[in-house]
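*Asks:* The structure file upload06.txt (compact mmCIF, C-alpha atoms) is provided below.
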# COMPACT_ATOMS: atom_id res chain seq x y z
CA MET A 1 41.13 37.69 -2.32
CA SER A 2 38.38 35.98 -4.26
CA THR A 3 35.32 34.57 -2.53
CA PRO A 4 34.10 31.09 -3.58
CA SER A 5 30.54 31.14 -4.86
CA GLN A 6 29.75 27.49 -4.18
CA SER A 7 28.66 26.21 -0.75
CA ARG A 8 31.27 24.31 1.24
CA ARG A 9 30.70 21.11 3.16
CA ILE A 10 30.07 21.95 6.82
CA PRO A 11 31.98 19.65 9.19
CA ALA A 12 30.16 17.79 11.95
CA ALA A 13 31.59 19.86 14.81
CA PHE A 14 30.43 23.04 13.13
CA ALA A 15 27.00 21.56 12.51
CA LEU A 16 26.62 20.92 16.23
CA ILE A 17 27.55 24.50 17.07
CA THR A 18 25.27 25.94 14.40
CA ALA A 19 22.27 23.79 15.28
CA ALA A 20 22.57 24.66 18.94
CA THR A 21 22.86 28.36 18.19
CA LEU A 22 20.05 28.63 15.67
CA ALA A 23 17.72 26.77 18.04
CA LEU A 24 17.78 29.80 20.32
CA THR A 25 15.94 32.22 18.10
CA ALA A 26 12.68 31.68 19.95
CA CYS A 27 14.04 33.35 23.08
CA GLY A 28 16.17 35.98 21.37
CA SER A 29 14.79 39.21 22.76
CA GLY A 30 13.82 38.82 26.34
CA GLY A 31 12.43 35.27 26.27
CA ALA A 32 12.63 33.45 29.58
CA ALA A 33 15.67 31.27 30.04
CA GLY A 34 13.45 28.26 30.55
CA THR A 35 11.71 28.59 27.18
CA ALA A 36 14.52 27.78 24.80
CA GLY A 37 13.44 27.00 21.29
CA GLY A 38 14.34 23.33 21.29
CA ALA A 39 17.02 21.11 22.74
CA ALA A 40 20.57 20.91 21.50
CA PRO A 41 21.81 17.84 19.64
CA ALA A 42 22.66 14.76 21.68
CA GLY A 43 26.26 14.62 22.80
CA LYS A 44 26.77 18.36 22.61
CA SER A 45 27.22 18.76 26.37
CA ALA A 46 30.24 16.45 26.28
CA ARG A 47 32.14 19.23 24.55
CA ILE A 48 31.07 21.82 27.11
CA PRO A 49 32.71 21.98 30.56
CA THR A 50 30.11 21.49 33.27
CA ALA A 51 32.24 21.26 36.43
CA ASP A 52 30.63 22.99 39.41
CA VAL A 53 33.01 25.76 40.48
CA VAL A 54 30.43 28.01 42.11
CA SER A 55 28.32 26.17 44.70
CA SER A 56 31.06 26.27 47.37
CA VAL A 57 31.35 30.08 47.25
CA LYS A 58 30.52 31.70 50.58
CA LYS A 59 28.78 35.00 51.28
CA SER A 60 31.06 37.90 52.20
CA PRO A 61 29.40 40.18 54.76
CA ALA A 62 31.84 42.96 53.86
CA ALA A 63 30.98 42.86 50.14
CA ALA A 64 27.25 42.38 50.79
CA GLY A 65 27.33 45.35 53.11
CA LEU A 66 28.10 47.57 50.12
CA LEU A 67 24.78 46.76 48.47
CA PRO A 68 21.99 49.35 48.51
CA ALA A 69 19.57 48.64 51.38
CA ASP A 70 16.63 48.00 49.05
CA VAL A 71 18.59 45.35 47.12
CA ARG A 72 19.66 43.59 50.32
CA GLU A 73 16.05 43.56 51.47
CA ARG A 74 14.75 42.31 48.12
CA GLY A 75 17.47 39.68 47.83
CA THR A 76 17.21 39.33 44.05
CA LEU A 77 18.54 40.96 40.89
CA ASP A 78 17.08 40.87 37.37
CA VAL A 79 19.77 39.82 34.91
CA ALA A 80 19.74 39.93 31.11
CA ALA A 81 22.07 37.31 29.65
CA SER A 82 23.19 37.21 26.04
CA VAL A 83 22.77 33.55 25.12
CA GLY A 84 23.46 31.78 21.88
CA GLY A 85 27.19 31.78 21.29
CA THR A 86 29.90 29.16 21.69
CA PRO A 87 32.00 28.51 24.80
CA PRO A 88 33.22 30.35 26.74
CA GLY A 89 30.14 32.45 25.84
CA ALA A 90 26.72 31.57 27.23
CA LEU A 91 24.71 28.80 25.59
CA TYR A 92 22.14 26.12 26.44
CA LEU A 93 22.86 22.52 27.31
CA GLU A 94 20.93 19.80 25.50
CA ASP A 95 18.01 20.10 27.91
CA GLY A 96 17.15 23.41 26.26
CA ARG A 97 16.82 25.08 29.68
CA THR A 98 20.19 25.13 31.43
CA ILE A 99 22.38 28.10 30.51
CA VAL A 100 26.14 27.68 30.94
CA GLY A 101 29.17 29.79 30.11
CA GLN A 102 31.95 31.81 31.65
CA ASP A 103 29.72 34.87 32.15
CA ILE A 104 27.12 32.67 33.84
CA ASP A 105 29.66 31.24 36.29
CA PHE A 106 31.03 34.68 37.16
CA ALA A 107 27.57 36.17 37.69
CA ASP A 108 26.45 33.21 39.82
CA ALA A 109 29.64 33.34 41.90
CA VAL A 110 29.30 37.09 42.50
CA ALA A 111 25.67 36.60 43.52
CA LYS A 112 26.71 34.03 46.12
CA VAL A 113 29.36 36.37 47.53
CA LEU A 114 26.67 39.05 47.86
CA GLY A 115 24.01 36.72 49.21
CA LEU A 116 21.66 37.38 46.29
CA LYS A 117 19.60 35.28 43.90
CA LEU A 118 19.57 36.04 40.20
CA LYS A 119 16.44 36.11 38.07
CA ARG A 120 18.05 35.47 34.71
CA GLU A 121 16.39 36.14 31.37
CA ALA A 122 17.87 35.39 27.96
CA ALA A 123 18.07 38.43 25.68
CA SER A 124 19.70 39.31 22.38
CA PHE A 125 23.11 40.93 22.74
CA GLU A 126 22.15 44.17 21.00
CA ALA A 127 19.02 44.60 23.16
CA ILE A 128 20.66 44.38 26.57
CA LEU A 129 22.43 47.73 26.93
CA PRO A 130 19.38 49.81 25.89
CA ALA A 131 17.23 47.73 28.26
CA LEU A 132 19.57 48.55 31.14
CA GLY A 133 19.06 52.24 30.49
CA SER A 134 15.30 51.80 30.66
CA GLY A 135 15.53 50.02 34.01
CA LYS A 136 14.18 46.70 32.72
CA TYR A 137 17.17 44.82 34.17
CA ASP A 138 19.56 45.42 37.05
CA LEU A 139 22.57 44.18 35.10
CA GLY A 140 23.58 42.50 31.88
CA THR A 141 26.10 39.81 30.95
CA GLY A 142 27.43 38.99 27.51
CA ASN A 143 31.20 39.57 27.31
CA PHE A 144 30.60 43.32 27.13
CA GLY A 145 33.83 45.10 26.26
CA VAL A 146 34.47 48.36 28.12
CA THR A 147 34.79 51.18 25.59
CA ASP A 148 34.84 54.94 26.06
CA GLU A 149 31.71 55.20 23.93
CA ARG A 150 29.78 52.74 26.08
CA ARG A 151 30.99 54.34 29.32
CA ARG A 152 29.00 57.45 28.45
CA THR A 153 25.72 55.64 29.11
CA ILE A 154 26.68 52.40 30.90
CA ASP A 155 28.63 51.55 34.06
CA PHE A 156 30.85 48.47 34.12
CA VAL A 157 32.49 46.29 36.75
CA THR A 158 35.34 44.37 35.15
CA TYR A 159 36.07 40.67 35.67
CA ILE A 160 38.20 39.58 32.69
CA ASN A 161 40.32 41.00 29.90
CA ASP A 162 39.41 39.67 26.45
CA GLY A 163 39.36 41.67 23.24
CA GLN A 164 39.17 41.59 19.48
CA GLY A 165 40.61 39.18 16.97
CA PHE A 166 40.06 37.63 13.54
CA ALA A 167 39.55 34.15 12.11
CA VAL A 168 39.55 33.01 8.47
CA ARG A 169 39.41 29.84 6.42
CA LYS A 170 42.72 28.06 6.11
CA ASP A 171 42.83 28.87 2.39
CA SER A 172 42.92 32.60 3.17
CA LYS A 173 46.02 34.59 2.27
CA LEU A 174 45.68 36.56 5.49
CA LYS A 175 48.27 35.59 8.10
CA LYS A 176 47.66 38.25 10.75
CA VAL A 177 45.57 41.43 10.75
CA THR A 178 47.50 44.39 12.10
CA ASP A 179 45.86 47.09 9.98
CA PHE A 180 42.36 47.41 8.55
CA GLU A 181 43.84 48.11 5.12
CA GLN A 182 44.54 44.37 4.94
CA LEU A 183 40.76 43.81 4.86
CA CYS A 184 40.06 46.08 1.88
CA GLY A 185 37.84 44.40 -0.69
CA LEU A 186 36.83 41.57 1.66
CA ASN A 187 33.58 40.61 3.35
CA VAL A 188 33.95 40.64 7.14
CA ALA A 189 31.32 38.94 9.32
CA THR A 190 30.65 39.95 12.92
CA GLY A 191 27.92 40.16 15.56
CA ALA A 192 25.22 42.82 15.36
CA GLY A 193 25.43 45.55 17.98
CA THR A 194 28.95 44.61 19.08
CA THR A 195 32.15 46.60 19.51
CA PHE A 196 33.42 44.68 16.49
CA GLU A 197 30.75 46.15 14.26
CA VAL A 198 31.53 49.66 15.53
CA THR A 199 35.28 49.17 15.09
CA LEU A 200 34.88 47.88 11.55
CA GLU A 201 32.54 50.69 10.52
CA ASP A 202 34.78 53.33 12.09
CA ASN A 203 37.80 52.13 10.14
CA LYS A 204 36.33 51.76 6.66
CA HIS A 205 37.92 55.07 5.71
CA VAL A 206 41.40 53.50 5.62
CA CYS A 207 40.56 51.69 2.39
CA GLU A 208 39.25 54.81 0.69
CA GLU A 209 42.30 56.78 1.82
CA ALA A 210 44.53 54.06 0.40
CA GLY A 211 42.65 54.12 -2.91
CA LYS A 212 41.31 50.60 -2.39
CA LYS A 213 37.86 49.04 -2.45
CA PRO A 214 36.28 49.22 1.04
CA TYR A 215 35.60 46.03 2.91
CA SER A 216 31.98 45.08 3.51
CA VAL A 217 30.69 44.51 7.05
CA LYS A 218 28.20 41.63 7.32
CA THR A 219 26.40 41.59 10.68
CA TYR A 220 24.47 38.67 12.18
CA ALA A 221 22.46 38.31 15.38
CA GLU A 222 23.33 34.60 15.66
CA GLN A 223 26.83 33.18 16.14
CA GLY A 224 25.91 30.15 14.05
CA ALA A 225 25.07 32.40 11.10
CA ILE A 226 28.45 34.11 11.37
CA TRP A 227 30.35 30.84 11.10
CA ALA A 228 28.08 29.57 8.33
CA ALA A 229 28.88 32.71 6.33
CA LEU A 230 32.61 32.06 6.71
CA GLN A 231 32.45 28.32 6.00
CA GLN A 232 30.23 28.81 2.95
CA GLY A 233 32.35 31.61 1.46
CA ARG A 234 29.90 34.48 1.96
CA ALA A 235 32.43 36.05 4.33
CA ASP A 236 36.21 36.11 4.08
CA ALA A 237 36.92 36.77 7.75
CA VAL A 238 35.20 36.87 11.14
CA MET A 239 35.91 39.50 13.79
CA SER A 240 34.93 38.47 17.29
CA THR A 241 36.20 37.87 20.83
CA ILE A 242 39.67 36.43 21.28
CA ASN A 243 38.48 33.64 23.56
CA GLY A 244 35.46 32.84 21.41
CA LEU A 245 37.52 32.63 18.24
CA ARG A 246 40.10 30.35 19.83
CA TYR A 247 37.38 27.94 20.87
CA ALA A 248 35.45 28.08 17.61
CA VAL A 249 38.38 27.31 15.31
CA LYS A 250 39.26 24.26 17.42
CA GLN A 251 35.74 22.92 16.88
CA GLN A 252 35.59 23.49 13.14
CA GLU A 253 37.71 22.08 10.36
CA GLY A 254 39.34 24.34 7.82
CA LEU A 255 39.57 27.51 9.96
CA LYS A 256 42.43 29.37 11.60
CA PHE A 257 42.75 32.05 14.29
CA LEU A 258 44.79 35.06 13.20
CA GLY A 259 45.72 36.21 16.68
CA GLU A 260 44.83 39.16 18.85
CA TYR A 261 44.09 42.54 17.32
CA HIS A 262 43.06 44.67 20.30
CA ARG A 263 42.58 43.91 24.00
CA LEU A 264 39.55 45.17 25.97
CA ASP A 265 38.46 44.88 29.58
CA VAL A 266 35.16 43.03 29.93
CA GLY A 267 32.61 43.68 32.64
CA PHE A 268 29.15 43.32 34.07
CA ALA A 269 27.00 46.09 32.56
CA PHE A 270 24.73 48.40 34.58
CA LYS A 271 22.63 51.49 34.08
CA LYS A 272 24.74 54.64 34.36
CA GLY A 273 25.00 55.80 37.95
CA THR A 274 24.24 52.39 39.46
CA LYS A 275 24.78 51.92 43.19
CA LEU A 276 25.54 48.23 42.66
CA ALA A 277 29.05 48.75 41.26
CA PRO A 278 31.05 48.94 44.55
CA ALA A 279 29.53 45.71 45.83
CA PHE A 280 30.15 43.89 42.54
CA ARG A 281 33.76 45.08 42.44
CA ALA A 282 34.31 43.85 46.00
CA ALA A 283 32.71 40.52 45.11
CA VAL A 284 34.96 39.97 42.08
CA ASP A 285 38.01 40.84 44.19
CA GLN A 286 36.84 38.31 46.80
CA LEU A 287 36.59 35.62 44.11
CA ILE A 288 40.14 36.44 43.00
CA LYS A 289 41.34 36.19 46.61
CA ASP A 290 39.64 32.89 47.49
CA GLY A 291 40.65 31.05 44.29
CA THR A 292 37.20 30.76 42.72
CA TYR A 293 38.25 33.18 39.99
CA ASP A 294 41.12 30.95 38.85
CA ARG A 295 38.88 27.88 38.93
CA ILE A 296 36.36 29.54 36.62
CA LEU A 297 39.05 30.60 34.15
CA LYS A 298 40.62 27.13 34.19
CA LYS A 299 37.22 25.53 33.57
CA TRP A 300 36.72 27.58 30.40
CA GLY A 301 40.36 27.61 29.29
CA THR A 302 40.67 31.38 29.49
CA GLN A 303 43.54 31.84 31.94
CA GLY A 304 45.08 34.37 29.54
CA SER A 305 42.17 36.70 30.32
CA ALA A 306 42.87 36.97 34.05
CA ILE A 307 42.90 40.36 35.78
CA GLU A 308 44.58 41.22 39.09
CA LYS A 309 41.70 43.28 40.46
CA SER A 310 38.28 44.51 39.40
CA GLN A 311 37.65 48.10 38.32
CA ILE A 312 34.59 50.28 37.88
CA SER A 313 34.29 51.67 34.34
CA PRO A 314 38.03 52.01 33.60
CA PRO A 315 39.12 53.95 30.49
CA GLU A 316 39.24 51.92 27.31
CA ILE A 317 42.52 50.12 26.75
CA LYS A 318 44.50 51.81 24.00
CA ASP A 319 47.22 49.94 22.19
The structure in this file should be written as structure tokens.
*Replies:*
Amino acid sequence: MSTPSQSRRIPAAFALITAATLALTACGSGGAAGTAGGAAPAGKSARIPTADVVSSVKKSPAAAGLLPADVRERGTLDVAASVGGTPPGALYLEDGRTIVGQDIDFADAVAKVLGLKLKREAASFEAILPALGSGKYDLGTGNFGVTDERRRTIDFVTYINDGQGFAVRKDSKLKKVTDFEQLCGLNVATGAGTTFEVTLEDNKHVCEEAGKKPYSVKTYAEQGAIWAALQQGRADAVMSTINGLRYAVKQQEGLKFLGEYHRLDVGFAFKKGTKLAPAFRAAVDQLIKDGTYDRILKKWGTQGSAIEKSQISPPEIKD
């Protein structure tokens, strides 16, 4: 498939998403959540669900009792949040300070079940997992897929099931990606430090084995840059989260979602060997039981990602 060399006109909905995302570069790696690099465009919040589905959550003595004694005494947890995507991922409202998103709601709801307060700090996606290992944060959020590779150094507590998919421009000849050989010769854009980047790099060999030109992996730290690359013809396809892709293509003209490629459990991320995991698992299960879980999924339109119960570092889903 040929790649247009000229720039394409970016539709208004895409411009809103891009402007909001690129405004976050000032707090990319560990900047405080309250120091966002500028406010989002006026009217942006109207597209983002802001219903309060968390404040009514009650503390569960049984779940809180599973916390380590020092955490119960301290009463707070340091959280690194990957911010700067599109719903249901975490992003700022137009005030430039308030972070919203599915991960944010789940983390806040779990904290209420456990009777804890969260000290949240915005951080770049690729920086969070290494920072957990160093002890800088107690946990990380950012739609982290549970893979066997990650489980070697990180513990997870699952709360949804999302996964990998592809999106392209509507003029693309691709209808559905079921094999990486279909990508040979194309430019594929994805997020830096993600499972998508790893998956793409690990499967480049299929093109060589088929005697075809390898696809090129283009990585970006900002979601806005990923979609700009696709809209402007510098990328032929985007690989990202299923839920994120579904939302993004609805907000931008001239794009289409190619469906699910591979499902993955998604979880809160912790340093390997954490003692927080049992309490977090119990808290997620409590949210499922009391109906808060369903309300969060409905708010973000991700009911297809529901799980029946939380797990601690389950094996990677193979399909």
*Asks:* Which neighbours of Thr241 of chain A fall inside 9 Å, counting all atoms listed in the file, when residues of the same chain fewer than 5 positions from it are skipped, and could you give them as a JSON list (two decimals) with C-alpha atoms, in the coordinates of the input?
*Replies:*
[["chain", "number", "residue", "atom", "x", "y", "z"],
["A", 143, "ASN", "CA", 31.20, 39.57, 27.31],
["A", 162, "ASP", "CA", 39.41, 39.67, 26.45],
["A", 163, "GLY", "CA", 39.36, 41.67, 23.24],
["A", 164, "GLN", "CA", 39.17, 41.59, 19.48],
["A", 165, "GLY", "CA", 40.61, 39.18, 16.97],
["A", 166, "PHE", "CA", 40.06, 37.63, 13.54],
["A", 196, "PHE", "CA", 33.42, 44.68, 16.49],
["A", 246, "ARG", "CA", 40.10, 30.35, 19.83],
["A", 260, "GLU", "CA", 44.83, 39.16, 18.85]]
*Asks:* Kindly indicate which residue among A:Leu116, A:Ala109, A:Ile307, A:Ile242 lies nearest to Asp78 of chain A, using only C-alpha atoms for the distances.
*Replies:*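 Smallest distance to Asp78 of chain A is found for A:Leu116.
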*Asks:* At what distance in Å, to one decimal, does atom CA of Arg263 of chain A lie from atom CA of Thr147 of chain A?
*Replies:*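 Between these atoms lies a distance of 10.8 Å.
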*Asks:* Using Å and a single decimal, report how far atom CA of Arg150 of chain A sits from atom CA of Thr178 of chain A.
*Replies:*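 So the answer is 24.1 Å.
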*Asks:* Suppose you want the space between atom CA of Gly244 of chain A and atom CA of Val157 of chain A; what is it in Å?
*Replies:*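 Taking atom CA of Gly244 of chain A and atom CA of Val157 of chain A, their separation equals 20.6 Å.
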*Asks:* Let me make sure I understand: among A:Val168, A:Glu208, A:Glu201, A:Lys272, which one has the smallest atom-to-atom distance to Leu230 of chain A if we use all atoms listed in the file?
*Replies:*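 Looking only at the distances to Leu230 of chain A, the closest residue turns out to be A:Val168.
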*Asks:* Using all atoms listed in the file, what does the table of segment 223-297 of chain A residues within 7 Å of segment 132-141 of chain A look like, with each row giving the shortest atom pair and its distance in Å to one decimal, sorted by chain and ascending number, as JSON lines?
*Replies:*
{"residue": "A:Phe268", "atom": "CA", "partner": "A:Thr141", "partner_atom": "CA", "distance": 5.6}
{"residue": "A:Ala269", "atom": "CA", "partner": "A:Gly140", "partner_atom": "CA", "distance": 5.0}
{"residue": "A:Phe270", "atom": "CA", "partner": "A:Leu139", "partner_atom": "CA", "distance": 4.8}
{"residue": "A:Lys271", "atom": "CA", "partner": "A:Gly133", "partner_atom": "CA", "distance": 5.1}
*Asks:* Smallest atom-to-atom distance to Gly267 of chain A: which of A:Ser313, A:Ser55, A:Gln182, A:Thr302, using all atoms listed in the file?
*Replies:*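 The answer is A:Ser313, which sits nearest to Gly267 of chain A.
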